[in-house]
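> Contents of query-v1.cif (mmCIF, C-alpha atoms) are below:
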```
data_start
#
loop_
_atom_site.label_atom_id
_atom_site.label_comp_id
_atom_site.auth_asym_id
_atom_site.auth_seq_id
_atom_site.Cartn_x
_atom_site.Cartn_y
_atom_site.Cartn_z
CA MET Y 1 131.25 183.83 168.18
CA HIS Y 2 133.52 181.22 166.58
CA HIS Y 3 130.97 178.52 167.36
CA ILE Y 4 128.24 180.53 165.59
CA LEU Y 5 130.33 181.15 162.44
CA THR Y 6 131.67 177.59 162.13
CA PRO Y 7 128.67 176.23 160.14
CA LEU Y 8 129.15 179.00 157.58
CA THR Y 9 132.63 177.67 156.77
CA SER Y 10 131.40 174.11 156.20
CA ALA Y 11 130.77 172.92 152.64
CA VAL Y 12 127.85 170.75 153.75
CA THR Y 13 125.92 173.87 154.79
CA TYR Y 14 125.80 175.05 151.17
CA SER Y 15 125.18 171.60 149.67
CA ARG Y 16 122.12 171.44 151.95
CA TRP Y 17 121.10 174.89 150.72
CA LEU Y 18 121.34 173.57 147.15
CA HIS Y 19 119.20 170.58 148.16
CA MET Y 20 116.46 172.95 149.32
CA PHE Y 21 116.35 174.73 145.94
CA ILE Y 22 116.06 171.63 143.73
CA PRO Y 23 112.28 171.19 144.27
CA ALA Y 24 111.83 174.90 143.65
CA ALA Y 25 113.10 174.44 140.09
CA ALA Y 26 110.43 171.82 139.41
CA ALA Y 27 107.67 173.81 141.14
CA SER Y 28 108.54 177.01 139.26
CA VAL Y 29 107.74 175.27 135.96
CA TRP Y 30 104.21 174.70 137.23
CA PHE Y 31 103.78 178.34 138.24
CA PHE Y 32 104.29 179.33 134.60
CA ILE Y 33 101.20 177.24 133.83
CA SER Y 34 98.97 178.00 136.81
CA ASP Y 35 98.97 180.08 139.96
CA ALA Y 36 97.51 177.22 142.03
CA PHE Y 37 100.27 176.95 144.60
CA TRP Y 38 98.71 173.85 146.15
CA ALA Y 39 98.99 171.78 142.93
CA PRO Y 40 102.64 170.65 143.47
CA LEU Y 41 101.71 169.45 146.98
CA LEU Y 42 98.85 167.41 145.52
CA PHE Y 43 100.96 166.07 142.67
CA ALA Y 44 103.59 164.85 145.16
CA VAL Y 45 101.21 162.15 146.45
CA PRO Y 46 101.20 159.82 143.41
CA ILE Y 47 104.87 160.57 142.78
CA GLY Y 48 105.82 159.56 146.32
CA LEU Y 49 103.92 156.28 146.05
CA ILE Y 50 106.27 155.10 143.30
CA PRO Y 51 108.76 152.73 145.03
CA ALA Y 52 111.77 154.00 143.05
CA MET Y 53 111.13 157.58 144.22
CA ARG Y 54 112.37 156.69 147.71
CA LEU Y 55 115.61 155.41 146.19
CA GLU Y 56 116.08 158.60 144.16
CA GLU Y 57 115.35 160.85 147.13
CA GLY Y 58 117.60 158.78 149.41
CA ILE Y 59 120.57 159.00 147.03
CA GLN Y 60 120.08 162.75 146.60
CA ALA Y 61 119.73 163.30 150.36
CA GLN Y 62 122.86 161.27 151.10
CA LEU Y 63 124.83 163.19 148.49
CA LEU Y 64 123.80 166.70 149.56
CA LEU Y 65 122.57 166.46 153.18
CA THR Y 66 124.90 163.85 154.72
CA PRO Y 67 127.85 163.41 152.32
CA SER Y 68 130.07 162.09 155.13
CA GLU Y 69 127.76 159.08 155.51
CA ARG Y 70 127.51 158.24 151.82
CA GLY Y 71 128.20 154.57 151.17
CA ARG Y 72 128.35 153.62 154.84
CA PRO Y 73 126.23 150.62 155.89
CA ASP Y 74 125.06 152.48 159.00
CA ALA Y 75 124.03 155.67 157.15
CA SER Y 76 121.18 157.54 158.82
CA ILE Y 77 119.46 158.05 155.44
CA ALA Y 78 118.62 154.92 153.46
CA ALA Y 79 119.10 154.66 149.70
CA ALA Y 80 116.62 151.94 148.77
CA SER Y 81 113.27 151.63 147.03
CA SER Y 82 110.10 151.46 149.10
CA SER Y 83 109.40 147.90 150.21
CA SER Y 84 106.12 148.56 152.03
CA TRP Y 85 103.17 150.92 151.96
CA ALA Y 86 104.39 152.52 155.17
CA GLU Y 87 107.64 153.51 153.45
CA ARG Y 88 105.69 154.82 150.43
CA TRP Y 89 103.57 157.11 152.59
CA ARG Y 90 106.66 158.26 154.48
CA THR Y 91 108.15 159.18 151.10
CA VAL Y 92 105.00 161.15 150.25
CA LEU Y 93 105.26 163.05 153.54
CA TRP Y 94 108.95 163.70 152.87
CA LEU Y 95 108.14 165.24 149.48
CA GLU Y 96 105.50 167.48 151.08
CA VAL Y 97 107.92 168.63 153.77
CA ARG Y 98 110.64 169.21 151.20
CA LEU Y 99 108.35 171.37 149.06
CA LEU Y 100 107.40 173.51 152.07
CA ILE Y 101 111.05 173.97 153.07
CA SER Y 102 111.83 174.85 149.45
CA ALA Y 103 109.11 177.50 149.49
CA GLY Y 104 110.74 179.03 152.57
CA ALA Y 105 114.10 179.02 150.81
CA ILE Y 106 112.60 180.89 147.84
CA LEU Y 107 111.06 183.53 150.11
CA ALA Y 108 114.45 183.95 151.80
CA LEU Y 109 115.88 185.12 148.47
CA TRP Y 110 114.07 188.42 149.02
CA LEU Y 111 116.51 189.18 151.83
CA PRO Y 112 119.60 189.74 149.62
CA VAL Y 113 117.32 191.66 147.22
CA ALA Y 114 116.49 193.97 150.14
CA SER Y 115 120.22 194.53 150.73
CA ILE Y 116 120.68 195.51 147.09
CA GLU Y 117 117.70 197.89 147.28
CA LEU Y 118 119.19 199.58 150.34
CA VAL Y 119 122.50 200.09 148.55
CA LEU Y 120 120.76 201.58 145.49
CA SER Y 121 118.66 203.86 147.70
CA ALA Y 122 121.88 205.54 148.84
CA ALA Y 123 122.10 206.94 145.30
CA GLY Y 124 118.63 208.45 145.58
CA ARG Y 125 116.55 205.58 144.13
CA PRO Y 126 113.43 204.75 146.18
CA PRO Y 127 113.89 201.25 147.65
CA GLY Y 128 111.45 198.46 146.79
CA GLY Y 129 110.75 194.92 147.94
CA LEU Y 130 111.14 194.36 151.67
CA ALA Y 131 112.71 197.83 151.98
CA GLU Y 132 109.79 199.55 150.34
CA GLY Y 133 108.61 202.58 152.25
CA LEU Y 134 112.03 203.76 153.35
CA ASP Y 135 113.17 207.17 152.22
CA PRO Y 136 116.28 207.19 150.00
CA HIS Y 137 119.25 208.36 152.10
CA TRP Y 138 122.98 207.70 151.93
CA TRP Y 139 122.94 206.06 155.37
CA ASN Y 140 120.73 203.25 154.02
CA VAL Y 141 123.95 201.64 152.81
CA LEU Y 142 124.82 201.07 156.48
CA LEU Y 143 121.63 199.00 156.82
CA ALA Y 144 122.41 196.85 153.75
CA PRO Y 145 124.21 194.03 155.68
CA LEU Y 146 121.29 193.53 158.09
CA PRO Y 147 119.09 191.35 155.79
CA ILE Y 148 122.08 189.06 155.18
CA VAL Y 149 122.11 188.01 158.84
CA PRO Y 150 118.68 186.29 158.83
CA LEU Y 151 119.53 184.84 155.40
CA LEU Y 152 122.60 183.08 156.82
CA VAL Y 153 120.57 181.88 159.78
CA LEU Y 154 117.97 180.44 157.41
CA VAL Y 155 120.70 178.75 155.34
CA VAL Y 156 122.02 176.92 158.41
CA LEU Y 157 118.71 176.16 160.12
CA GLY Y 158 116.96 175.21 156.87
CA GLY Y 159 119.70 172.73 156.05
CA ARG Y 160 119.55 171.20 159.51
CA LEU Y 161 115.77 170.98 159.36
CA SER Y 162 115.96 169.24 155.97
CA THR Y 163 118.55 166.78 157.30
CA ALA Y 164 116.49 165.98 160.40
CA ALA Y 165 113.36 165.44 158.30
CA ALA Y 166 115.25 163.21 155.85
CA ARG Y 167 116.66 161.08 158.67
CA TRP Y 168 113.19 160.70 160.14
CA LEU Y 169 111.25 160.02 156.92
CA LEU Y 170 113.94 158.44 154.71
CA GLY Y 171 115.85 156.68 157.46
CA PRO Y 172 116.27 152.89 157.46
CA SER Y 173 113.39 150.78 158.74
CA PRO Y 174 113.82 148.43 161.72
CA THR Y 175 114.34 145.59 159.22
CA ASP Y 176 117.06 147.58 157.46
CA ARG Y 177 118.75 148.34 160.77
CA LEU Y 178 118.65 144.66 161.71
CA THR Y 179 120.19 143.75 158.36
CA VAL Y 180 122.99 146.28 158.89
CA LEU Y 181 123.55 144.98 162.41
CA GLU Y 182 123.78 141.42 161.12
CA GLY Y 183 126.26 142.55 158.48
CA LEU Y 184 128.42 144.31 161.06
CA THR Y 185 128.24 141.23 163.29
CA GLU Y 186 129.36 139.02 160.40
CA GLU Y 187 132.24 141.43 159.72
CA LEU Y 188 133.28 141.32 163.38
CA LEU Y 189 133.16 137.52 163.36
CA GLU Y 190 135.26 137.49 160.20
CA ARG Y 191 137.85 139.76 161.79
CA ASN Y 192 137.95 137.61 164.92
CA ARG Y 193 138.39 134.54 162.76
CA MET Y 194 141.24 136.21 160.88
CA ALA Y 195 142.87 137.11 164.20
CA ARG Y 196 142.77 133.45 165.23
CA GLU Y 197 144.08 132.44 161.82
CA LEU Y 198 146.94 134.91 162.08
CA HIS Y 199 147.76 133.61 165.57
CA ASP Y 200 147.93 130.06 164.22
CA SER Y 201 150.06 130.96 161.22
CA ILE Y 202 152.54 133.25 163.00
CA GLY Y 203 152.70 130.91 166.01
CA HIS Y 204 153.49 127.98 163.73
CA ALA Y 205 156.20 129.93 161.89
CA LEU Y 206 157.87 131.10 165.10
CA THR Y 207 157.73 127.63 166.64
CA VAL Y 208 159.34 126.06 163.57
CA ALA Y 209 162.00 128.78 163.50
CA VAL Y 210 162.86 128.29 167.20
CA VAL Y 211 163.00 124.49 166.93
CA GLN Y 212 165.04 124.58 163.72
CA ALA Y 213 167.49 127.16 165.08
CA GLY Y 214 167.99 125.19 168.29
CA ALA Y 215 168.51 121.93 166.41
CA ALA Y 216 170.96 123.53 163.98
CA ARG Y 217 172.97 125.06 166.82
CA THR Y 218 173.36 121.74 168.65
CA ALA Y 219 173.84 119.54 165.55
CA ASN Y 220 177.03 121.31 164.42
CA ASP Y 221 176.39 119.97 160.91
CA PRO Y 222 176.62 122.43 157.99
CA ALA Y 223 174.26 120.36 155.82
CA PHE Y 224 171.65 120.17 158.59
CA THR Y 225 172.05 123.88 159.27
CA GLU Y 226 171.41 124.66 155.60
CA ARG Y 227 168.24 122.56 155.62
CA ALA Y 228 167.11 124.22 158.84
CA LEU Y 229 167.60 127.70 157.39
CA ALA Y 230 165.67 126.71 154.24
CA ALA Y 231 162.78 125.46 156.38
CA ILE Y 232 162.78 128.68 158.43
CA GLU Y 233 162.77 130.74 155.25
CA GLU Y 234 159.86 128.83 153.70
CA THR Y 235 157.77 128.87 156.87
CA GLY Y 236 158.47 132.55 157.43
CA ARG Y 237 157.48 133.40 153.86
CA ASP Y 238 154.14 131.63 154.30
CA ALA Y 239 153.54 133.51 157.55
CA LEU Y 240 154.35 136.85 155.88
CA GLU Y 241 151.83 136.08 153.12
CA ASP Y 242 149.16 135.37 155.74
CA LEU Y 243 150.08 138.56 157.60
CA GLU Y 244 149.88 140.69 154.44
CA ARG Y 245 146.50 139.19 153.49
CA VAL Y 246 145.00 139.84 156.91
CA LEU Y 247 146.36 143.40 157.11
CA ARG Y 248 145.03 144.15 153.62
CA VAL Y 249 141.53 143.02 154.62
CA LEU Y 250 141.68 144.97 157.88
CA ARG Y 251 142.74 148.14 156.05
CA GLU Y 252 139.98 147.84 153.45
CA SER Y 253 136.81 146.28 154.80
CA GLY Y 254 135.40 145.96 151.28
CA THR Y 255 138.38 143.98 150.00
CA PRO Y 256 137.51 140.32 149.37
CA VAL Y 257 139.42 137.77 151.42
CA SER Y 258 142.16 136.14 149.39
CA ARG Y 259 142.18 132.39 148.91
CA ARG Y 260 143.15 130.64 152.14
CA PRO Y 261 144.91 127.25 152.30
CA THR Y 262 142.82 124.09 152.58
CA LEU Y 263 143.49 120.50 153.58
CA ALA Y 264 144.44 119.82 149.96
CA GLU Y 265 147.65 121.72 150.81
CA ALA Y 266 148.22 119.98 154.14
CA GLU Y 267 151.39 118.34 152.81
CA ARG Y 268 153.33 121.56 153.24
CA LEU Y 269 152.44 121.57 156.95
CA LEU Y 270 153.63 117.98 157.27
CA ASP Y 271 156.85 118.76 155.40
CA SER Y 272 157.42 121.76 157.66
CA ALA Y 273 157.04 119.56 160.75
CA ARG Y 274 159.34 116.91 159.25
CA SER Y 275 161.98 119.53 158.48
CA SER Y 276 161.84 120.51 162.17
CA GLY Y 277 162.88 116.98 163.13
CA ALA Y 278 159.46 115.44 163.79
CA LYS Y 279 158.73 112.04 162.30
CA VAL Y 280 155.29 112.47 160.77
CA ASP Y 281 153.21 109.47 159.73
CA ALA Y 282 150.21 110.79 157.78
CA ARG Y 283 147.24 108.74 156.61
CA VAL Y 284 144.43 110.16 154.49
CA SER Y 285 141.22 108.21 153.83
CA GLY Y 286 138.46 109.46 151.57
CA ASP Y 287 138.31 112.24 148.99
CA LEU Y 288 139.41 115.63 150.36
CA GLY Y 289 137.76 117.19 147.31
CA LEU Y 290 134.37 116.40 148.86
CA VAL Y 291 135.11 118.58 151.88
CA PRO Y 292 133.34 122.01 151.60
CA ALA Y 293 135.72 124.96 151.41
CA PRO Y 294 134.91 126.45 154.87
CA VAL Y 295 135.38 123.07 156.56
CA SER Y 296 138.58 122.37 154.62
CA ARG Y 297 140.06 125.76 155.50
CA GLU Y 298 139.32 125.35 159.19
CA GLY Y 299 140.61 121.78 159.09
CA TYR Y 300 143.90 123.11 157.71
CA ARG Y 301 144.22 125.64 160.52
CA ILE Y 302 143.32 123.02 163.14
CA LEU Y 303 146.02 120.73 161.77
CA GLN Y 304 148.48 123.63 161.75
CA GLU Y 305 147.77 124.52 165.37
CA SER Y 306 147.96 120.85 166.44
CA LEU Y 307 151.40 120.37 164.82
CA THR Y 308 152.55 123.68 166.32
CA ASN Y 309 151.55 122.47 169.79
CA VAL Y 310 153.47 119.22 169.26
CA LEU Y 311 156.65 121.05 168.25
CA ARG Y 312 156.27 123.64 170.99
CA HIS Y 313 155.57 121.29 173.90
CA ALA Y 314 157.00 117.91 172.88
CA GLY Y 315 159.76 118.83 170.46
CA PRO Y 316 160.80 116.79 167.39
CA VAL Y 317 158.96 113.56 168.28
CA SER Y 318 156.99 111.03 166.27
CA VAL Y 319 153.58 112.35 165.19
CA ARG Y 320 150.69 110.36 163.78
CA VAL Y 321 148.22 112.33 161.63
CA THR Y 322 144.99 110.73 160.49
CA ILE Y 323 142.53 112.50 158.14
CA THR Y 324 139.31 110.67 157.25
CA VAL Y 325 136.41 111.77 155.07
CA ALA Y 326 133.46 109.42 155.50
CA ASP Y 327 129.78 109.32 156.48
CA GLY Y 328 129.32 113.06 155.95
CA ARG Y 329 132.05 114.07 158.39
CA LEU Y 330 135.69 115.08 158.43
CA GLU Y 331 137.65 113.28 161.16
CA LEU Y 332 141.08 114.62 162.03
CA GLU Y 333 143.42 113.24 164.69
CA VAL Y 334 146.94 114.24 165.69
CA ALA Y 335 148.74 112.06 168.22
CA ASN Y 336 152.22 112.26 169.71
CA PRO Y 337 153.94 110.40 172.56
CA LEU Y 338 153.99 111.87 176.04
CA SER Y 339 157.58 112.42 177.07
CA GLY Y 340 157.14 113.51 180.65
CA ALA Y 341 156.09 117.09 181.36
CA ALA Y 342 157.42 118.16 177.97
CA GLY Y 343 154.70 116.23 176.20
CA LEU Y 344 151.81 117.91 177.99
CA PRO Y 345 149.96 120.84 176.38
CA GLY Y 346 150.62 124.36 177.54
CA SER Y 347 148.17 126.89 178.91
CA GLY Y 348 148.03 129.05 175.78
CA SER Y 349 145.10 129.73 173.49
CA GLY Y 350 145.95 127.08 170.88
CA LEU Y 351 143.72 124.29 172.20
CA ARG Y 352 140.94 126.76 172.97
CA GLY Y 353 141.18 128.04 169.40
CA ILE Y 354 140.85 124.49 168.07
CA ARG Y 355 137.69 123.94 170.11
CA GLU Y 356 136.24 127.27 168.97
CA ARG Y 357 136.90 126.50 165.33
CA ALA Y 358 135.22 123.12 165.63
CA ALA Y 359 132.21 124.61 167.47
CA LEU Y 360 131.73 127.32 164.84
CA LEU Y 361 131.24 124.61 162.22
CA GLY Y 362 128.92 122.56 164.39
CA GLY Y 363 131.63 120.00 165.18
CA LYS Y 364 133.47 118.78 168.25
CA ALA Y 365 137.10 118.78 169.38
CA ARG Y 366 138.49 116.52 172.08
CA THR Y 367 141.95 116.61 173.66
CA GLU Y 368 143.13 113.84 175.95
CA SER Y 369 146.10 111.78 177.08
CA ARG Y 370 145.62 108.07 176.47
CA GLU Y 371 147.98 105.09 176.22
CA ASP Y 372 151.04 107.30 176.74
CA GLU Y 373 149.93 109.56 173.91
CA TRP Y 374 148.56 113.06 173.68
CA ARG Y 375 145.71 113.17 171.16
CA VAL Y 376 143.77 115.95 169.49
CA SER Y 377 140.63 114.60 167.82
CA VAL Y 378 138.30 116.79 165.78
CA SER Y 379 135.06 115.83 164.04
CA LEU Y 380 133.41 118.29 161.63
CA PRO Y 381 130.15 117.85 159.65
CA LEU Y 382 130.19 118.28 155.87
CA ASP Y 383 126.60 119.46 155.52
CA GLY Y 384 127.53 123.03 154.64
CA ILE Y 385 126.58 124.69 157.95
CA ARG Y 386 126.58 128.46 157.55
CA TRP Y 387 128.87 130.46 159.77
CA SER Y 388 126.02 132.51 161.22
CA ASP Y 389 123.99 129.39 162.05
CA ALA Y 390 126.99 127.78 163.66
CA VAL Y 391 127.64 130.88 165.75
CA HIS Y 392 124.06 130.82 167.08
CA ARG Y 393 124.41 127.15 167.87
CA SER Y 394 127.72 127.56 169.66
CA SER Y 395 126.48 130.58 171.64
CA GLY Y 396 123.37 128.68 172.72
CA ARG Y 397 125.14 125.70 174.16
#
```
Any chance you could give the structure as C-alpha cells?

Amino acid sequence: MHHILTPLTSAVTYSRWLHMFIPAAAASVWFFISDAFWAPLLFAVPIGLIPAMRLEEGIQAQLLLTPSERGRPDASIAAASSSSWAERWRTVLWLEVRLLISAGAILALWLPVASIELVLSAAGRPPGGLAEGLDPHWWNVLLAPLPIVPLLVLVVLGGRLSTAAARWLLGPSPTDRLTVLEGLTEELLERNRMARELHDSIGHALTVAVVQAGAARTANDPAFTERALAAIEETGRDALEDLERVLRVLRESGTPVSRRPTLAEAERLLDSARSSGAKVDARVSGDLGLVPAPVSREGYRILQESLTNVLRHAGPVSVRVTITVADGRLELEVANPLSGAAGLPGSGSGLRGIRERAALLGGKARTESREDEWRVSVSLPLDGIRWSDAVHRSSGR
C-alpha cells in the first residue's frame, strides 16, 4: 500500500500534471473560435518544424517532467534546437502526443465533478455529469470518493507516460550522447591529471620537510635550523594552496581550474631544493615565454617530480638542471650523481608519472644512468597538441 501511495507524495507527480494541462490552455482558445477538434493537431505540424520549438519544449519538459536532471550533461531530455529534419519531425510527433495526453487530462477533470455531484445529490439534487441517472439519496455521499481513485491513477500514469514520451522524442541524439561522453571523458582525464599533480606537489613538500628536518637535527646549528623551518613553511604553504585548489575543483565540477604554476616560476622549485642542501646548477636557454601554457605547466610538474626524486633517493647532492627551448621543442634534463644504492630511483609512481605527462603532450621521457649520473631527460613539442589528441596518440601506441 505504501508503495502505491508514494508517487502521490512526490512533488514531481504534480509538476507533471501541470505539464499536461499547459497545451490544454492553448487548445481551449481555439475551441472558442471553432469546434474543429482536429485543427490544433494540424497546426502543430508547422510549429514543430521550427528549430527553436524543440529547445522550448526541452526546457519545459526538463523543468516539469524531470526536474532532478535539469542542468545535468547526461539529462535524458535534451534542451537544444533541432539540428536536423529528423529532430524536427520528432518534435512534431512530440507535440501531437502531448496534445492527445492533454485531451485525456481534460476529460479526467470530469471525475472530481462527479464526486461533487454525488455529494450534492445527498441533499436531494439530481446528479449530473458522469453521475447522471442516479437517484438522489443520502448514501450517494459514500460513493463520492470513488471517482477520485481513477483520477489519482491518471495523474500518476499520465505523468509517467508524458515523461517516457519526452525521453523518447526529445531525448539527445547519438551525436549529442557522444558529445556528452567526450565531455565526461575530458572531465575524468582532468581529474586524473589533478590527482597526479597533487601527488607531485604533496610528495615534493613532504620530501623537502623530511630532508630539512633531518638536516636540522644533525647540524645542531640554530641558524641552519631557522632556515630549514622557513623552507618547510614555504614548501608546505605551496602544497596547501595546491591541495585547496584541487579540492575546490573536485567539489564543484563547474568551477574553473585556478592558474597553475609554469616553468616561468621554476626558480622557486630550485630555491626549495637548494634550501634542502642540494647544490643546484640551473641553465636556461631560449625564451620560456614561447612555451605554450599546457606544455609549460607540465614541464613545471616534471621538474618538480624530478627534484623530489633526487632529494628522496640521493639526498642533498649536486643537481644539474638544463632547460632548453629551441627548434619547436622544450628539452628538460635533470642529472645528479649516483652515490651507490642511494642514488638509484625508487619503485614509486614518480618516474611513471613523468613518462605519462610527456606522452600526453606527444613527447618522450627517458631515464637512465650514464657516466656515474642518474639522468631524467624529457622532450616536449611546442606545436600546441590538444590534450584529447595526445590521449588518443598515447593510448594507440
> Using the chain letters and numbers from the file, give me the residues hit by the PyMOL selection byres ((chain Y and resi 75) around 10), as a short mmCIF file (atom, residue, chain, number, x, y, z; two decimals) with C-alpha atoms, in the frame of the given file.

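selection.cif, written as the output of this step:
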```
data_model
loop_
_atom_site.label_atom_id
_atom_site.label_comp_id
_atom_site.auth_asym_id
_atom_site.auth_seq_id
_atom_site.Cartn_x
_atom_site.Cartn_y
_atom_site.Cartn_z
CA GLN Y 62 122.86 161.27 151.10
CA THR Y 66 124.90 163.85 154.72
CA PRO Y 67 127.85 163.41 152.32
CA SER Y 68 130.07 162.09 155.13
CA GLU Y 69 127.76 159.08 155.51
CA ARG Y 70 127.51 158.24 151.82
CA GLY Y 71 128.20 154.57 151.17
CA ARG Y 72 128.35 153.62 154.84
CA PRO Y 73 126.23 150.62 155.89
CA ASP Y 74 125.06 152.48 159.00
CA SER Y 76 121.18 157.54 158.82
CA ILE Y 77 119.46 158.05 155.44
CA ALA Y 78 118.62 154.92 153.46
CA ALA Y 79 119.10 154.66 149.70
CA ARG Y 167 116.66 161.08 158.67
CA GLY Y 171 115.85 156.68 157.46
CA PRO Y 172 116.27 152.89 157.46
CA ARG Y 177 118.75 148.34 160.77
CA VAL Y 180 122.99 146.28 158.89
#
```
> Restricting the calculation to only C-alpha atoms: of Y:Val211, Y:Val12, Y:Leu42, Y:Leu243, which residue gets closest to Ser275 (chain Y)?
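Answer, going by the shortest atom-to-atom distance: Y:Val211.
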> Using the chain letters and numbering of this document, enumerate as a PyMOL selection string the residues selected by the PyMOL selection byres ((chain Y and resi 295) around 12).
chain Y and resi 260-264+288-294+296-302+325+328-332+357-363+378-387+390
> How would the residues just picked look written out with C-alpha atoms as a compact mmCIF listing (two decimals), in the frame of the given file?

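The result, stored in result_16.txt:
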```txt
# COMPACT_ATOMS: atom_id res chain seq x y z
CA ARG Y 260 143.15 130.64 152.14
CA PRO Y 261 144.91 127.25 152.30
CA THR Y 262 142.82 124.09 152.58
CA LEU Y 263 143.49 120.50 153.58
CA ALA Y 264 144.44 119.82 149.96
CA LEU Y 288 139.41 115.63 150.36
CA GLY Y 289 137.76 117.19 147.31
CA LEU Y 290 134.37 116.40 148.86
CA VAL Y 291 135.11 118.58 151.88
CA PRO Y 292 133.34 122.01 151.60
CA ALA Y 293 135.72 124.96 151.41
CA PRO Y 294 134.91 126.45 154.87
CA SER Y 296 138.58 122.37 154.62
CA ARG Y 297 140.06 125.76 155.50
CA GLU Y 298 139.32 125.35 159.19
CA GLY Y 299 140.61 121.78 159.09
CA TYR Y 300 143.90 123.11 157.71
CA ARG Y 301 144.22 125.64 160.52
CA ILE Y 302 143.32 123.02 163.14
CA VAL Y 325 136.41 111.77 155.07
CA GLY Y 328 129.32 113.06 155.95
CA ARG Y 329 132.05 114.07 158.39
CA LEU Y 330 135.69 115.08 158.43
CA GLU Y 331 137.65 113.28 161.16
CA LEU Y 332 141.08 114.62 162.03
CA ARG Y 357 136.90 126.50 165.33
CA ALA Y 358 135.22 123.12 165.63
CA ALA Y 359 132.21 124.61 167.47
CA LEU Y 360 131.73 127.32 164.84
CA LEU Y 361 131.24 124.61 162.22
CA GLY Y 362 128.92 122.56 164.39
CA GLY Y 363 131.63 120.00 165.18
CA VAL Y 378 138.30 116.79 165.78
CA SER Y 379 135.06 115.83 164.04
CA LEU Y 380 133.41 118.29 161.63
CA PRO Y 381 130.15 117.85 159.65
CA LEU Y 382 130.19 118.28 155.87
CA ASP Y 383 126.60 119.46 155.52
CA GLY Y 384 127.53 123.03 154.64
CA ILE Y 385 126.58 124.69 157.95
CA ARG Y 386 126.58 128.46 157.55
CA TRP Y 387 128.87 130.46 159.77
CA ALA Y 390 126.99 127.78 163.66
```
> Between Y:Val284, Y:Ala52, Y:Ala219, Y:Val113, which residue has the minimum interatomic distance to Pro147 (chain Y), considering all atoms listed in the file?
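Nearest candidate to Pro147 (chain Y) out of Y:Val284, Y:Ala52, Y:Ala219, Y:Val113: Y:Val113.
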> Using the chain letters and numbering of this document, enumerate as a PDB file with C-alpha atoms, in the coordinates of the input the residues selected by the PyMOL selection byres ((chain Y and resi 15-24) around 7).

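Contents of selection.pdb, freshly written:
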```pdb
ATOM      1  CA  ALA Y  11     130.770 172.920 152.640  1.00  0.00           C
ATOM      2  CA  VAL Y  12     127.850 170.750 153.750  1.00  0.00           C
ATOM      3  CA  THR Y  13     125.920 173.870 154.790  1.00  0.00           C
ATOM      4  CA  TYR Y  14     125.800 175.050 151.170  1.00  0.00           C
ATOM      5  CA  ALA Y  25     113.100 174.440 140.090  1.00  0.00           C
ATOM      6  CA  ALA Y  26     110.430 171.820 139.410  1.00  0.00           C
ATOM      7  CA  ALA Y  27     107.670 173.810 141.140  1.00  0.00           C
ATOM      8  CA  SER Y  28     108.540 177.010 139.260  1.00  0.00           C
ATOM      9  CA  LEU Y  64     123.800 166.700 149.560  1.00  0.00           C
ATOM     10  CA  LEU Y  65     122.570 166.460 153.180  1.00  0.00           C
ATOM     11  CA  LEU Y  99     108.350 171.370 149.060  1.00  0.00           C
ATOM     12  CA  ILE Y 101     111.050 173.970 153.070  1.00  0.00           C
ATOM     13  CA  SER Y 102     111.830 174.850 149.450  1.00  0.00           C
ATOM     14  CA  ALA Y 103     109.110 177.500 149.490  1.00  0.00           C
ATOM     15  CA  ALA Y 105     114.100 179.020 150.810  1.00  0.00           C
ATOM     16  CA  VAL Y 155     120.700 178.750 155.340  1.00  0.00           C
ATOM     17  CA  GLY Y 159     119.700 172.730 156.050  1.00  0.00           C
TER      18      GLY Y 159
END
```
> Quick check, in Å to one decimal: how far apart do CA of Arg98 (chain Y) and CA of Leu146 (chain Y) lie?
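These two atoms are separated by 27.4 Å.
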> Could you check how far CA of Pro145 (chain Y) sits from CA of Ala122 (chain Y), in Å to one decimal?
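If I compute the distance from CA of Pro145 (chain Y) to CA of Ala122 (chain Y), I get 13.6 Å.
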> What is the CA of Pro46 (chain Y) to CA of Trp168 (chain Y) distance in Å?
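Spanning CA of Pro46 (chain Y) to CA of Trp168 (chain Y) is a straight-line distance of 20.6 Å.
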> I'd like the neighbourhood of Ile50 (chain Y) as a list in words, where a residue qualifies if any of its atoms comes within 10 Å (using all atoms listed in the file), though same-chain residues fewer than 4 positions away should be ignored.
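My list of contacting residues is Val45, Pro46, Arg54, Leu55, Ser81, Ser82, Arg88, Trp89, Thr91 and Val92 of chain Y.
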> Which residue gives the smallest distance to Val156 (chain Y) among Y:Leu93, Y:Leu8, Y:Ala215, Y:Ala326, with only C-alpha atoms counted?
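Once distances to Val156 (chain Y) are computed over only C-alpha atoms, the minimum belongs to Y:Leu8.
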> Taking all atoms listed in the file into account, which of Y:Ala123, Y:Val334, Y:Leu111, Y:Leu170 comes nearest Ala80 (chain Y)?
Y:Leu170
> Give the answer as one residue: which of Y:Leu240, Y:Ala365, Y:Ala335, Y:Leu107 has the shortest atom-to-atom distance to Leu198 (chain Y), using only C-alpha atoms?
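For Leu198 (chain Y), the nearest of the given residues is Y:Leu240.
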> Counting all atoms listed in the file, figure out which residue out of Y:Pro7, Y:Arg320, Y:Ala282, Y:Gly315 gets nearest to Arg160 (chain Y).
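With all atoms listed in the file as the atom set, the closest residue is Y:Pro7.
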> Near Glu226 (chain Y), within 12 Å and counting all atoms listed in the file, which residues show up once chain neighbours fewer than 6 positions away are dropped, as number ranges by chain?
Y: 212-213, 215-217, 219-220, 232-233, 275
